[in-house]
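The next block is query-v3.cif, given as mmCIF, C-alpha atoms.
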```cif
data_data
loop_
_atom_site.label_atom_id
_atom_site.label_comp_id
_atom_site.auth_asym_id
_atom_site.auth_seq_id
_atom_site.Cartn_x
_atom_site.Cartn_y
_atom_site.Cartn_z
CA MET A 1 57.00 80.63 141.97
CA THR A 2 53.72 80.49 140.08
CA SER A 3 52.66 83.60 138.24
CA LYS A 4 49.00 84.49 138.06
CA PRO A 5 47.53 87.08 135.71
CA LEU A 6 47.68 90.58 137.18
CA SER A 7 44.42 92.25 138.08
CA ALA A 8 43.50 95.90 138.58
CA LEU A 9 43.21 95.14 142.31
CA ASP A 10 46.76 93.69 142.39
CA PHE A 11 48.06 96.79 140.64
CA ARG A 12 46.16 99.16 142.93
CA GLN A 13 47.43 97.36 146.04
CA ALA A 14 51.01 97.48 144.78
CA LEU A 15 50.84 101.20 143.99
CA GLY A 16 49.33 101.82 147.41
CA HIS A 17 52.83 101.19 148.77
CA PHE A 18 54.02 104.34 147.01
CA ALA A 19 53.48 107.31 149.33
CA THR A 20 52.08 110.36 147.58
CA GLY A 21 51.07 113.86 148.40
CA VAL A 22 47.40 114.70 148.01
CA THR A 23 46.26 117.25 145.45
CA VAL A 24 43.01 118.77 144.33
CA ILE A 25 42.89 119.55 140.62
CA THR A 26 40.55 122.45 139.82
CA ALA A 27 39.03 124.07 136.76
CA GLU A 28 36.41 126.71 136.17
CA ARG A 29 32.95 125.16 135.68
CA ALA A 30 31.25 128.49 134.87
CA PRO A 31 32.17 132.10 135.65
CA GLY A 32 32.75 132.20 139.39
CA GLN A 33 32.13 128.45 139.82
CA VAL A 34 34.87 125.91 140.44
CA HIS A 35 34.92 122.13 140.12
CA GLY A 36 37.59 120.08 141.88
CA MET A 37 38.81 116.50 141.96
CA THR A 38 41.14 114.83 144.45
CA ALA A 39 44.10 113.24 142.68
CA ASN A 40 47.38 111.65 143.58
CA ALA A 41 48.24 111.08 139.90
CA PHE A 42 50.30 114.26 139.74
CA ALA A 43 54.00 114.58 138.94
CA ALA A 44 56.69 117.04 137.97
CA VAL A 45 57.89 116.42 134.42
CA SER A 46 60.44 119.08 133.50
CA LEU A 47 62.31 122.09 134.88
CA GLU A 48 62.94 123.60 131.44
CA PRO A 49 60.22 124.39 130.62
CA LEU A 50 58.31 124.01 133.90
CA LEU A 51 55.96 121.09 133.26
CA VAL A 52 53.69 118.90 135.38
CA LEU A 53 51.23 116.16 134.56
CA VAL A 54 47.89 115.13 135.98
CA CYS A 55 45.81 112.10 135.10
CA VAL A 56 42.02 112.41 134.95
CA LYS A 57 39.67 109.45 134.57
CA GLU A 58 37.63 109.46 131.37
CA GLU A 59 34.33 109.51 133.30
CA ALA A 60 35.38 112.36 135.62
CA GLN A 61 33.32 115.55 135.55
CA LEU A 62 36.60 117.49 135.51
CA LEU A 63 37.70 116.10 132.13
CA PRO A 64 35.50 118.21 129.83
CA LEU A 65 36.21 121.31 131.93
CA ILE A 66 39.95 121.00 131.42
CA ASN A 67 39.46 120.13 127.75
CA ARG A 68 37.27 123.21 127.26
CA GLY A 69 39.40 125.70 129.20
CA ASN A 70 42.83 124.24 128.45
CA ARG A 71 44.02 125.10 131.94
CA PHE A 72 43.86 123.73 135.47
CA GLY A 73 44.95 124.44 139.00
CA VAL A 74 46.81 122.11 141.34
CA SER A 75 46.52 122.55 145.09
CA VAL A 76 48.80 120.41 147.26
CA LEU A 77 46.92 119.91 150.51
CA LYS A 78 48.21 120.51 154.03
CA GLU A 79 48.10 117.85 156.75
CA ASN A 80 44.93 119.33 158.27
CA GLN A 81 43.01 119.32 154.97
CA GLN A 82 41.95 115.66 154.84
CA PRO A 83 38.23 116.63 154.88
CA ILE A 84 38.84 118.71 151.74
CA SER A 85 40.47 115.73 150.03
CA GLU A 86 37.58 113.46 151.01
CA TYR A 87 35.04 116.00 149.79
CA PHE A 88 36.61 116.38 146.34
CA ALA A 89 37.05 112.58 146.05
CA GLN A 90 33.24 112.37 145.77
CA THR A 91 31.43 113.07 142.53
CA GLU A 92 28.81 115.45 143.93
CA GLU A 93 29.72 118.95 145.02
CA ASN A 94 27.54 121.09 147.26
CA SER A 95 28.09 124.74 148.16
CA GLU A 96 26.65 124.22 151.66
CA THR A 97 29.14 121.42 152.36
CA GLU A 98 31.97 123.53 150.95
CA GLN A 99 30.99 126.34 153.31
CA ARG A 100 30.75 123.97 156.30
CA LEU A 101 34.22 122.57 155.53
CA GLY A 102 35.65 126.06 155.09
CA ILE A 103 36.60 125.45 151.46
CA ARG A 104 37.47 128.69 149.75
CA PHE A 105 38.92 129.22 146.32
CA ALA A 106 41.59 131.67 145.25
CA SER A 107 42.62 132.69 141.76
CA MET A 108 46.06 132.65 140.29
CA PRO A 109 47.02 135.86 138.39
CA SER A 110 45.46 134.55 135.15
CA GLY A 111 42.26 133.49 136.92
CA ILE A 112 42.99 129.77 137.30
CA PRO A 113 41.15 128.60 140.43
CA VAL A 114 42.99 126.88 143.30
CA ILE A 115 42.20 125.93 146.89
CA GLU A 116 42.85 128.80 149.27
CA ASP A 117 45.23 127.98 152.14
CA ALA A 118 46.78 124.97 150.37
CA LEU A 119 50.45 124.14 150.89
CA ILE A 120 51.24 124.80 147.22
CA GLN A 121 49.10 126.38 144.49
CA ILE A 122 50.05 125.88 140.85
CA GLY A 123 48.38 127.37 137.78
CA CYS A 124 48.89 125.46 134.52
CA ASN A 125 48.09 125.82 130.84
CA VAL A 126 47.53 122.56 128.97
CA ILE A 127 50.14 122.07 126.25
CA ALA A 128 49.30 118.43 125.42
CA SER A 129 46.91 115.67 126.36
CA TYR A 130 47.04 111.94 125.77
CA ILE A 131 44.29 109.40 126.19
CA SER A 132 45.79 106.27 127.65
CA GLY A 133 43.81 103.42 129.17
CA ASP A 134 40.89 104.82 131.16
CA HIS A 135 42.51 108.22 131.79
CA THR A 136 43.58 111.36 129.97
CA ILE A 137 47.07 112.54 130.82
CA PHE A 138 47.32 116.33 130.77
CA LEU A 139 50.71 117.95 130.39
CA GLY A 140 50.58 121.43 131.86
CA GLU A 141 53.06 124.27 131.61
CA VAL A 142 53.32 126.03 134.95
CA GLU A 143 52.40 129.69 134.62
CA SER A 144 52.22 130.62 138.30
CA LEU A 145 53.13 129.17 141.66
CA ASN A 146 52.53 129.99 145.34
CA ILE A 147 54.24 128.20 148.23
CA PHE A 148 53.03 128.46 151.83
CA SER A 149 54.28 127.12 155.15
CA GLY A 150 52.99 123.88 156.64
CA GLU A 151 53.28 120.13 156.29
CA PRO A 152 51.78 117.99 153.51
CA LEU A 153 48.88 115.58 153.68
CA LEU A 154 50.13 112.16 152.55
CA TYR A 155 48.42 109.02 151.25
CA PHE A 156 49.95 105.57 151.80
CA ARG A 157 48.45 102.06 151.72
CA GLY A 158 44.93 103.39 151.34
CA GLN A 159 45.12 105.75 154.31
CA TYR A 160 45.85 109.40 154.93
CA ARG A 161 49.10 110.01 156.78
CA GLN A 162 51.16 112.83 158.20
CA LEU A 163 54.91 113.29 158.42
CA ARG A 164 54.83 113.29 162.21
#
```
Exercise: express the given structure as structure tokens:
Amino acid sequence: MTSKPLSALDFRQALGHFATGVTVITAERAPGQVHGMTANAFAAVSLEPLLVLVCVKEEAQLLPLINRGNRFGVSVLKENQQPISEYFAQTEENSETEQRLGIRFASMPSGIPVIEDALIQIGCNVIASYISGDHTIFLGEVESLNIFSGEPLLYFRGQYRQLR
């Protein structure tokens, strides 16, 4: 078997075979204004203490917001929230589009913004960050958590999926 050098495309295609939930990572942009970014680079790290990680691309508009505020929200999307995922996967945000899509934000007890009506809402305080490759890895300590009923939106082989 001949081995060729691995490319970013090879790596992306391989990781596409790993099914993930879909999250929107949020941070306050200005008082009363929220910026979000769709991400599947989210994982639980520890139960003691409660830790999660998110990876944010160095060019992402969300990066300086998390660095400045040292906190972020994680909203795990429900199966009917694909349009919300697609919206936050774009770089431009527009309040009219948010209103048309029915995107509303809620606040965790400490004021961390999250997507209203998500499957899970998590509020995190940044305890460490690491620049690695073209991303910053944020380690967040979970300060608050809400769980709601419903089924998750999944992403597999470059497509949105549902459990059913």
request  = For the structure provided, state which residues fall under the PyMOL selection byres ((chain A and resi 137) around 8), and present them as a list in words.
outcome  = Leu53, Val54, Cys55, Val56, Ser129, Tyr130, Ile131, Ser132, His135, Thr136, Phe138 and Leu139 of chain A
message = So, with only C-alpha atoms as the atoms that count, which of A:Arg29, A:Arg104, A:His35, A:Arg71 lies closest to Ala89 (chain A)?
response =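 Closest candidate: A:His35.
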message = Since I can't run it myself right now, could you work out what the PyMOL selection byres ((chain A and resi 73-84) around 7) selects here and report it as a ChimeraX atom specification?
response = /A:22-27,72,85-88,112-115,118-124,150-153,162
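Interatomic distance, CA of Ile66 (chain A) against CA of Asn125 (chain A): 9.5 Å.
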Listed atoms of region 31-48 of chain A boxed axis-aligned with 8 Å per side, centre + edges as lines of an AutoDock Vina configuration file:
```
center_x = 47.5
center_y = 121.6
center_z = 137.9
size_x = 46.8
size_y = 37.1
size_z = 29.0
```
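Taking CA of Leu9 (chain A) as the reference point, CA of Gly140 (chain A) is found at 29.2 Å.
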ask   = From the set A:Gly21, A:Ile103, A:Leu47, A:Glu28, which residue has the shortest atom-to-atom contact distance to Pro64 (chain A), counting only C-alpha atoms?
value = A:Glu28
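You will find CA of Val126 (chain A) at 5.0 Å from CA of Asn70 (chain A).
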ask   = Nearest to Ala8 (chain A): which of A:Glu58, A:Glu92, A:Asp134, A:Ser110 is it, counting all atoms listed in the file?
value =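 Closest candidate: A:Asp134.
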query = Which residue out of A:Leu50, A:Ala128, A:Ser3, A:Gln33 has the minimum interatomic distance to Val142 (chain A) when all atoms listed in the file are used?
reply =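 Among A:Leu50, A:Ala128, A:Ser3, A:Gln33, it is A:Leu50 that comes nearest to Val142 (chain A).
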message = So, with all atoms listed in the file as the atoms that count, which of A:Thr91, A:Gln13, A:Asn40, A:Thr97 lies closest to Glu59 (chain A)?
response =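 Among A:Thr91, A:Gln13, A:Asn40, A:Thr97, it is A:Thr91 that comes nearest to Glu59 (chain A).
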message = Using all atoms listed in the file, can you tell me which of A:Met108, A:Val34, A:Ala19, A:Ala41 comes closest to Gln61 (chain A)?
response =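 Looking only at the distances to Gln61 (chain A), the closest residue turns out to be A:Val34.
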